[in-house]
$ cat start_8.cif   # mmCIF, C-alpha atoms
data_run
#
loop_
_atom_site.label_atom_id
_atom_site.label_comp_id
_atom_site.auth_asym_id
_atom_site.auth_seq_id
_atom_site.Cartn_x
_atom_site.Cartn_y
_atom_site.Cartn_z
CA MET A 1 -194.64 59.83 -54.08
CA ALA A 2 -190.99 58.84 -53.99
CA LYS A 3 -188.65 61.31 -55.66
CA ARG A 4 -186.84 60.01 -58.72
CA ASN A 5 -183.29 61.06 -59.65
CA PRO A 6 -182.29 61.60 -63.30
CA ASN A 7 -180.49 58.74 -65.04
CA GLY A 8 -176.88 58.41 -63.88
CA GLU A 9 -177.48 60.28 -60.63
CA GLY A 10 -178.08 57.16 -58.55
CA THR A 11 -181.11 56.00 -56.61
CA ILE A 12 -182.52 57.10 -53.26
CA TYR A 13 -185.24 55.20 -51.43
CA ARG A 14 -186.59 54.70 -47.94
CA ARG A 15 -185.67 51.57 -46.01
CA LYS A 16 -187.90 49.56 -43.70
CA ASP A 17 -186.04 50.94 -40.66
CA GLY A 18 -187.03 54.49 -41.65
CA ARG A 19 -183.65 55.61 -42.92
CA TYR A 20 -182.97 56.66 -46.50
CA GLU A 21 -180.47 54.78 -48.66
CA GLY A 22 -178.73 56.16 -51.72
CA ALA A 23 -176.88 54.01 -54.26
CA GLY A 24 -174.89 54.75 -57.38
CA TYR A 25 -171.99 53.48 -59.48
CA VAL A 26 -168.66 55.12 -58.62
CA LEU A 27 -165.02 54.77 -59.67
CA MET A 28 -162.91 52.33 -57.61
CA PRO A 29 -159.10 52.31 -57.08
CA ASP A 30 -158.66 49.45 -59.59
CA GLY A 31 -160.35 51.48 -62.36
CA THR A 32 -163.66 49.62 -62.31
CA TYR A 33 -167.08 50.95 -61.32
CA LYS A 34 -169.01 49.47 -58.42
CA ARG A 35 -172.34 50.25 -56.82
CA ARG A 36 -171.78 52.02 -53.51
CA ARG A 37 -174.36 52.96 -50.88
CA VAL A 38 -174.79 55.86 -48.47
CA TYR A 39 -177.32 56.37 -45.68
CA GLY A 40 -179.12 59.27 -44.06
CA LYS A 41 -181.92 60.01 -41.61
CA THR A 42 -183.68 62.15 -44.24
CA TRP A 43 -183.98 62.07 -48.03
CA GLU A 44 -181.99 65.30 -48.27
CA GLU A 45 -179.14 63.96 -46.12
CA ALA A 46 -178.86 60.83 -48.27
CA ARG A 47 -179.01 62.97 -51.44
CA LYS A 48 -176.12 65.18 -50.28
CA LYS A 49 -173.92 62.17 -49.45
CA LEU A 50 -174.71 60.48 -52.75
CA THR A 51 -174.12 63.69 -54.73
CA GLU A 52 -170.73 64.16 -53.08
CA LEU A 53 -169.77 60.55 -53.78
CA LEU A 54 -170.76 60.81 -57.45
CA ALA A 55 -169.08 64.21 -57.87
CA LYS A 56 -165.74 62.82 -56.67
CA SER A 57 -166.14 59.91 -59.05
CA ASP A 58 -166.76 62.32 -61.95
CA GLN A 59 -163.53 64.13 -61.02
CA GLY A 60 -161.58 60.87 -61.24
CA ILE A 61 -161.24 60.45 -57.46
CA PRO A 62 -161.92 56.79 -56.64
CA ALA A 63 -163.98 55.74 -53.65
CA ALA A 64 -162.28 53.92 -50.80
CA ASP A 65 -162.13 50.14 -51.08
CA THR A 66 -164.12 48.92 -48.09
CA THR A 67 -163.09 45.26 -48.50
CA GLU A 68 -159.29 45.42 -48.10
CA SER A 69 -157.98 44.84 -44.59
CA LEU A 70 -155.18 46.80 -42.99
CA GLY A 71 -153.06 43.64 -42.76
CA THR A 72 -153.40 42.97 -46.50
CA TYR A 73 -152.53 46.55 -47.35
CA LEU A 74 -149.47 46.62 -45.05
CA ALA A 75 -148.13 43.44 -46.68
CA TYR A 76 -148.50 45.11 -50.10
CA TRP A 77 -146.88 48.32 -48.80
CA LEU A 78 -143.86 46.50 -47.41
CA GLU A 79 -143.28 44.40 -50.54
CA HIS A 80 -143.99 46.90 -53.31
CA VAL A 81 -143.20 50.29 -51.74
CA VAL A 82 -140.84 50.08 -48.76
CA SER A 83 -138.50 47.45 -50.22
CA HIS A 84 -137.72 49.74 -53.19
CA LYS A 85 -137.20 52.98 -51.25
CA VAL A 86 -135.15 52.31 -48.11
CA ARG A 87 -132.15 50.30 -46.95
CA PRO A 88 -132.48 46.59 -46.11
CA SER A 89 -132.03 47.29 -42.40
CA THR A 90 -134.94 49.73 -42.51
CA VAL A 91 -137.10 47.23 -44.41
CA TYR A 92 -136.36 44.68 -41.71
CA SER A 93 -137.24 47.05 -38.85
CA TYR A 94 -140.46 48.15 -40.62
CA SER A 95 -141.46 44.51 -41.20
CA LYS A 96 -140.76 43.57 -37.59
CA CYS A 97 -142.80 46.53 -36.35
CA VAL A 98 -145.73 45.69 -38.64
CA ASN A 99 -145.80 41.93 -38.05
CA ALA A 100 -145.09 41.99 -34.30
CA TYR A 101 -147.29 44.88 -33.17
CA ILE A 102 -149.65 46.34 -35.78
CA VAL A 103 -151.03 43.29 -37.61
CA PRO A 104 -151.82 41.21 -34.49
CA ARG A 105 -153.90 44.10 -33.11
CA LEU A 106 -155.38 45.78 -36.20
CA GLY A 107 -154.63 43.46 -39.13
CA LYS A 108 -158.25 42.34 -39.63
CA LYS A 109 -159.61 45.89 -39.46
CA LYS A 110 -160.90 47.21 -42.78
CA LEU A 111 -158.53 49.84 -44.16
CA ALA A 112 -161.37 52.22 -45.03
CA ARG A 113 -162.89 51.87 -41.55
CA LEU A 114 -159.70 52.46 -39.56
CA SER A 115 -160.20 55.37 -37.17
CA ALA A 116 -158.05 57.62 -35.03
CA LYS A 117 -159.48 55.85 -31.99
CA ASP A 118 -158.16 52.50 -33.29
CA VAL A 119 -154.67 53.99 -33.65
CA ARG A 120 -154.80 55.56 -30.20
CA LEU A 121 -155.87 52.29 -28.59
CA LEU A 122 -153.02 50.48 -30.38
CA LEU A 123 -150.47 52.92 -28.99
CA ASP A 124 -151.98 52.74 -25.50
CA TRP A 125 -151.71 48.95 -25.64
CA ALA A 126 -148.09 49.22 -26.81
CA ARG A 127 -147.23 51.45 -23.84
CA GLN A 128 -148.89 49.29 -21.20
CA ALA A 129 -148.74 45.65 -22.34
CA CYS A 130 -145.89 43.33 -21.38
CA GLN A 131 -144.59 42.25 -24.78
CA CYS A 132 -143.16 39.02 -23.40
CA CYS A 133 -146.71 38.00 -22.43
CA ALA A 134 -148.46 39.54 -25.46
CA GLN A 135 -146.26 37.78 -28.03
CA GLY A 136 -145.83 34.49 -26.20
CA ARG A 137 -142.06 34.81 -25.96
CA ASP A 138 -141.90 33.08 -22.60
CA ALA A 139 -144.03 30.15 -23.78
CA ALA A 140 -141.54 29.55 -26.63
CA ARG A 141 -138.70 28.96 -24.18
CA PRO A 142 -137.87 25.44 -22.88
CA ALA A 143 -139.90 24.50 -19.81
CA GLY A 144 -136.98 24.91 -17.43
CA GLU A 145 -136.13 28.41 -18.68
CA ARG A 146 -139.58 30.01 -18.46
CA ARG A 147 -139.59 32.96 -16.12
CA CYS A 148 -142.60 35.12 -17.01
CA CYS A 149 -146.21 34.52 -18.03
CA ALA A 150 -145.67 30.83 -18.91
CA ALA A 151 -143.82 30.03 -15.69
CA THR A 152 -145.35 28.26 -12.68
CA PRO A 153 -146.27 30.19 -10.64
CA LYS A 154 -147.04 32.87 -13.23
CA ARG A 155 -145.13 36.15 -12.82
CA CYS A 156 -144.90 38.99 -15.31
CA CYS A 157 -141.53 40.48 -16.21
CA GLU A 158 -143.29 43.68 -17.38
CA ARG A 159 -141.13 44.17 -20.47
CA ARG A 160 -142.90 47.09 -22.11
CA LEU A 161 -141.96 49.04 -25.20
CA SER A 162 -139.85 52.16 -24.70
CA PRO A 163 -141.32 55.61 -25.54
CA ARG A 164 -138.99 55.70 -28.56
CA MET A 165 -140.38 52.38 -29.84
CA VAL A 166 -143.97 53.59 -29.38
CA GLN A 167 -143.09 56.70 -31.37
CA TYR A 168 -141.50 54.51 -34.07
CA LEU A 169 -144.59 52.29 -34.20
CA HIS A 170 -146.76 55.36 -34.78
CA ALA A 171 -144.38 56.65 -37.47
CA VAL A 172 -144.46 53.37 -39.42
CA LEU A 173 -148.26 53.25 -39.41
CA ARG A 174 -148.48 56.94 -40.33
CA ASN A 175 -146.12 56.47 -43.30
CA ALA A 176 -148.07 53.44 -44.52
CA LEU A 177 -151.42 55.24 -44.34
CA GLN A 178 -149.97 58.32 -46.06
CA HIS A 179 -149.07 56.14 -49.03
CA ALA A 180 -152.63 54.77 -49.00
CA VAL A 181 -153.86 58.37 -49.26
CA ARG A 182 -151.54 59.01 -52.22
CA GLU A 183 -152.89 55.92 -53.96
CA GLU A 184 -156.42 57.14 -53.14
CA LEU A 185 -157.30 54.02 -51.17
CA VAL A 186 -158.46 56.14 -48.23
CA GLN A 187 -159.55 59.76 -48.01
CA ARG A 188 -157.39 60.78 -45.03
CA ASN A 189 -154.55 59.60 -42.83
CA VAL A 190 -156.13 58.91 -39.44
CA ALA A 191 -152.72 58.27 -37.81
CA LYS A 192 -151.92 61.97 -38.28
CA LEU A 193 -154.83 62.80 -35.98
CA VAL A 194 -153.14 61.00 -33.07
CA GLN A 195 -150.35 62.81 -31.25
CA VAL A 196 -147.48 60.91 -29.67
CA GLN A 197 -145.31 62.36 -26.95
CA THR A 198 -141.73 62.91 -28.05
CA PRO A 199 -139.36 60.88 -25.84
CA ARG A 200 -136.68 62.66 -23.86
CA TYR A 201 -133.08 61.55 -24.29
CA ARG A 202 -130.09 61.90 -22.05
CA VAL A 203 -127.33 64.07 -23.43
CA GLY A 204 -124.22 62.04 -24.19
CA ARG A 205 -121.15 63.67 -22.69
CA GLY A 206 -118.54 61.45 -24.32
CA LEU A 207 -115.11 60.80 -22.86
CA SER A 208 -113.03 63.30 -20.95
CA VAL A 209 -109.53 64.12 -22.18
CA ALA A 210 -108.01 61.89 -19.48
CA GLU A 211 -110.33 59.00 -20.38
CA ALA A 212 -109.55 59.39 -24.09
CA LYS A 213 -105.80 59.30 -23.44
CA LYS A 214 -106.16 56.22 -21.26
CA LEU A 215 -108.25 54.48 -23.96
CA LEU A 216 -105.64 55.19 -26.65
CA ALA A 217 -102.88 53.89 -24.41
CA ASP A 218 -104.78 50.70 -23.54
CA VAL A 219 -105.68 49.81 -27.15
CA ARG A 220 -102.36 50.74 -28.80
CA ASP A 221 -101.29 47.09 -29.12
CA ASP A 222 -104.79 45.78 -29.84
CA ARG A 223 -105.40 44.17 -33.23
CA LEU A 224 -108.23 46.66 -33.90
CA SER A 225 -106.46 49.67 -32.45
CA ALA A 226 -107.10 51.72 -35.61
CA ALA A 227 -110.85 51.24 -35.24
CA TYR A 228 -110.80 52.75 -31.74
CA VAL A 229 -108.65 55.66 -32.89
CA LEU A 230 -110.94 56.51 -35.83
CA ALA A 231 -114.05 56.18 -33.66
CA LEU A 232 -112.58 58.52 -31.05
CA TYR A 233 -111.25 61.18 -33.41
CA LEU A 234 -113.78 61.13 -36.27
CA GLY A 235 -117.04 60.15 -34.56
CA LEU A 236 -118.10 57.81 -37.36
CA ARG A 237 -121.17 55.63 -36.99
CA ARG A 238 -120.34 52.03 -36.13
CA GLY A 239 -121.61 50.78 -39.51
CA GLU A 240 -119.56 53.41 -41.38
CA LEU A 241 -116.42 52.51 -39.44
CA LEU A 242 -116.80 48.77 -40.03
CA GLY A 243 -117.64 49.29 -43.72
CA LEU A 244 -114.36 51.05 -44.59
CA HIS A 245 -112.14 49.64 -47.37
CA TRP A 246 -108.57 50.54 -48.16
CA SER A 247 -109.81 51.93 -51.47
CA ASP A 248 -111.71 54.57 -49.45
CA VAL A 249 -108.55 55.78 -47.72
CA ASP A 250 -105.86 58.18 -49.00
CA LEU A 251 -103.09 58.10 -46.42
CA ASP A 252 -100.76 60.37 -48.42
CA GLY A 253 -103.50 62.96 -48.87
CA GLY A 254 -104.76 62.54 -45.32
CA SER A 255 -108.42 61.82 -46.03
CA LEU A 256 -110.98 59.03 -46.33
CA GLU A 257 -114.38 58.79 -47.99
CA ILE A 258 -117.49 57.21 -46.50
CA ARG A 259 -119.08 55.06 -49.22
CA THR A 260 -120.47 51.94 -47.55
CA ALA A 261 -121.71 50.79 -44.15
CA LEU A 262 -121.82 47.34 -42.57
CA GLN A 263 -125.30 46.45 -41.24
CA ARG A 264 -126.78 43.38 -39.57
CA VAL A 265 -130.08 42.59 -41.33
CA ASN A 266 -132.15 39.66 -40.08
CA GLY A 267 -129.08 38.12 -38.49
CA GLN A 268 -126.87 38.51 -41.60
CA LEU A 269 -124.06 41.03 -42.09
CA THR A 270 -124.33 42.98 -45.33
CA LEU A 271 -122.67 46.03 -46.90
CA THR A 272 -125.15 48.80 -47.72
CA ALA A 273 -125.15 52.47 -48.61
CA PRO A 274 -124.70 54.89 -45.69
CA LYS A 275 -127.75 56.06 -43.75
CA THR A 276 -128.42 59.18 -45.85
CA ARG A 277 -127.04 60.77 -49.01
CA ARG A 278 -125.28 63.37 -46.89
CA SER A 279 -123.57 60.52 -45.03
CA GLU A 280 -121.54 59.81 -48.18
CA ARG A 281 -118.81 62.33 -47.51
CA PRO A 282 -115.05 62.93 -47.48
CA VAL A 283 -113.48 63.12 -44.02
CA PRO A 284 -110.07 64.71 -43.29
CA LEU A 285 -107.69 62.50 -41.33
CA PRO A 286 -105.64 63.90 -38.43
CA ALA A 287 -102.03 62.74 -38.25
CA VAL A 288 -102.78 60.38 -35.35
CA CYS A 289 -105.41 58.62 -37.50
CA VAL A 290 -103.00 58.32 -40.44
CA ASP A 291 -100.38 56.77 -38.16
CA ALA A 292 -102.92 54.31 -36.71
CA LEU A 293 -104.02 53.24 -40.20
CA ARG A 294 -100.41 52.76 -41.36
CA ARG A 295 -99.76 50.48 -38.36
CA HIS A 296 -103.00 48.64 -39.12
CA ARG A 297 -101.98 48.04 -42.73
CA GLU A 298 -98.58 46.76 -41.68
CA ARG A 299 -100.23 44.39 -39.18
CA GLN A 300 -102.58 43.13 -41.91
CA ALA A 301 -99.63 42.48 -44.22
CA GLU A 302 -97.90 40.45 -41.49
CA GLU A 303 -101.06 38.45 -40.82
CA ARG A 304 -101.51 37.80 -44.54
CA GLU A 305 -97.94 36.59 -44.87
CA THR A 306 -98.30 34.34 -41.81
CA ALA A 307 -101.58 32.86 -43.06
CA GLY A 308 -100.12 32.08 -46.49
CA GLU A 309 -102.58 30.58 -48.91
#
$ encode --input "start_8.cif" --output "C-alpha cells"
Amino acid sequence: MAKRNPNGEGTIYRRKDGRYEGAGYVLMPDGTYKRRRVYGKTWEEARKKLTELLAKSDQGIPAADTTESLGTYLAYWLEHVVSHKVRPSTVYSYSKCVNAYIVPRLGKKKLARLSAKDVRLLLDWARQACQCCAQGRDAARPAGERRCCAATPKRCCERRLSPRMVQYLHAVLRNALQHAVREELVQRNVAKLVQVQTPRYRVGRGLSVAEAKKLLADVRDDRLSAAYVLALYLGLRRGELLGLHWSDVDLDGGSLEIRTALQRVNGQLTLTAPKTRRSERPVPLPAVCVDALRRHRERQAEERETAGE
C-alpha cells in the first residue's frame, strides 16, 4: 500500500515512469504559497527532498521562483538596485555589459536553473567570439563601409573582448546573482563557482624628468596650461581634474579640494561625485601649481572681458 504523509507534510506518490514525486505547499519570494514538486528514484529519496523543502519553508526561507528568467531579473536589478547605489557612469557600463553580452546569450534562461556551466560557456564565448560579428555591428554600417562579416567577400576583423572586459563581465553577473541570493530568489551564486583569470597589466613608468620639463615648456602658453601642470604634479584622475571649480581652490592657502568629477555618461557630460568616498580629499598645491592657476584665472578674466555679454 502507498505510504500516506500526515496532513501538511505534502504528498508522495509513484509516477508511471517509475519515479517518485513529492508535492507540497511552500513559501515563495512574493509571500504567497505555491505547490512545488520534487522527484526521486525511490520513495525515501523523494521524502528527503520534500522534507527539506518544507523545513526551509517553515523557517521562512522561500523557495526559488522557477518562472523568472535571468533577463527579467537583470532588468529589475539594474532599475531598482544598481541605479540607487552607484554613479551614473557605472550604471551605464553595467547596463551596456548586461544588454550587449549577458542577455543575448543567457537572457531566456530561468534564473533558478542557471548553472556554473552556463556562466563558464558565456565567458568562453566572450573570449573567443568576434563581437563585431556577434552583435551585427558591421551589418549596421552603410554598404560601402562594411569591412567585416557583412562585407563581400566576408572577412572577420576578429575584434574580441579583452581579458579585462571578460573579467568585468563576470563581475557584473556575479554581483547581480549575489543580490538574488540576498533576496532569496536563488539558493546560491553559481557565478562564484567559476574562476576567471586575472589579467596582467603593464606597469606605467610615467614621464622622465627631461620629458616633464619639455612638456611644461611646450604648454606654458597653451590655453589649458594649468590643466597639464596639475595633471603632472598632482596625478589627479582626468574626471577629477576637469571637474574642478574655483570654489574648490584656495590659492592663498595653497590647497584644493576634490569634490566633483566630470564624466561622460551615454554620450552626455555630467558632473558627479568622485569615484570613491576616499577620493573626496584635500590636496596640497606646490608653488608651481599655484602660479599656473593664477595665470589661468587671469587668462579667464581677459577672455570674459573680451567676450562681453
$ residues_around --input "start_8.cif" --residues "A:Val290" --least-positions-apart "3" --cutoff "9 Å" --atoms "only C-alpha atoms" --output "list in words"
Leu251, Asp252, Gly254, Ser255, Leu285, Pro286, Ala287, Leu293, Arg294 and Arg295 of chain A
$ residues_around --input "start_8.cif" --residues "A:His296" --least-positions-apart "2" --cutoff "9 Å" --atoms "only C-alpha atoms" --output "number ranges by chain"
A: 223-226, 291-294, 298-301
$ atom_distance --input "start_8.cif" --atom1 "atom CA of A:Leu70" --atom2 "atom CA of A:Gly107"
5.1 Å
$ resolve_selection --input "start_8.cif" --expression "the PyMOL selection byres ((chain A and resi 92-104) around 7)" --output "PyMOL selection string"
chain A and resi 71+78+88-91+105-107+169+172+265-266
$ atom_distance --input "start_8.cif" --atom1 "atom CA of A:Met28" --atom2 "atom CA of A:Arg113"
16.1 Å
$ residues_near_point --input "start_8.cif" --point "(-157.3, 55.1, -49.6)" --cutoff "9 Å" --atoms "all atoms listed in the file" --output "PyMOL selection string"
chain A and resi 29+62-65+111-112+177-189
$ atom_distance --input "start_8.cif" --atom1 "atom CA of A:Thr67" --atom2 "atom CA of A:Lys108"
10.5 Å
$ closest_residue --input "start_8.cif" --among "A:Gly204, A:Gly10, A:Gly18, A:Gly243" --to "A:Val38" --atoms "only C-alpha atoms"
A:Gly10
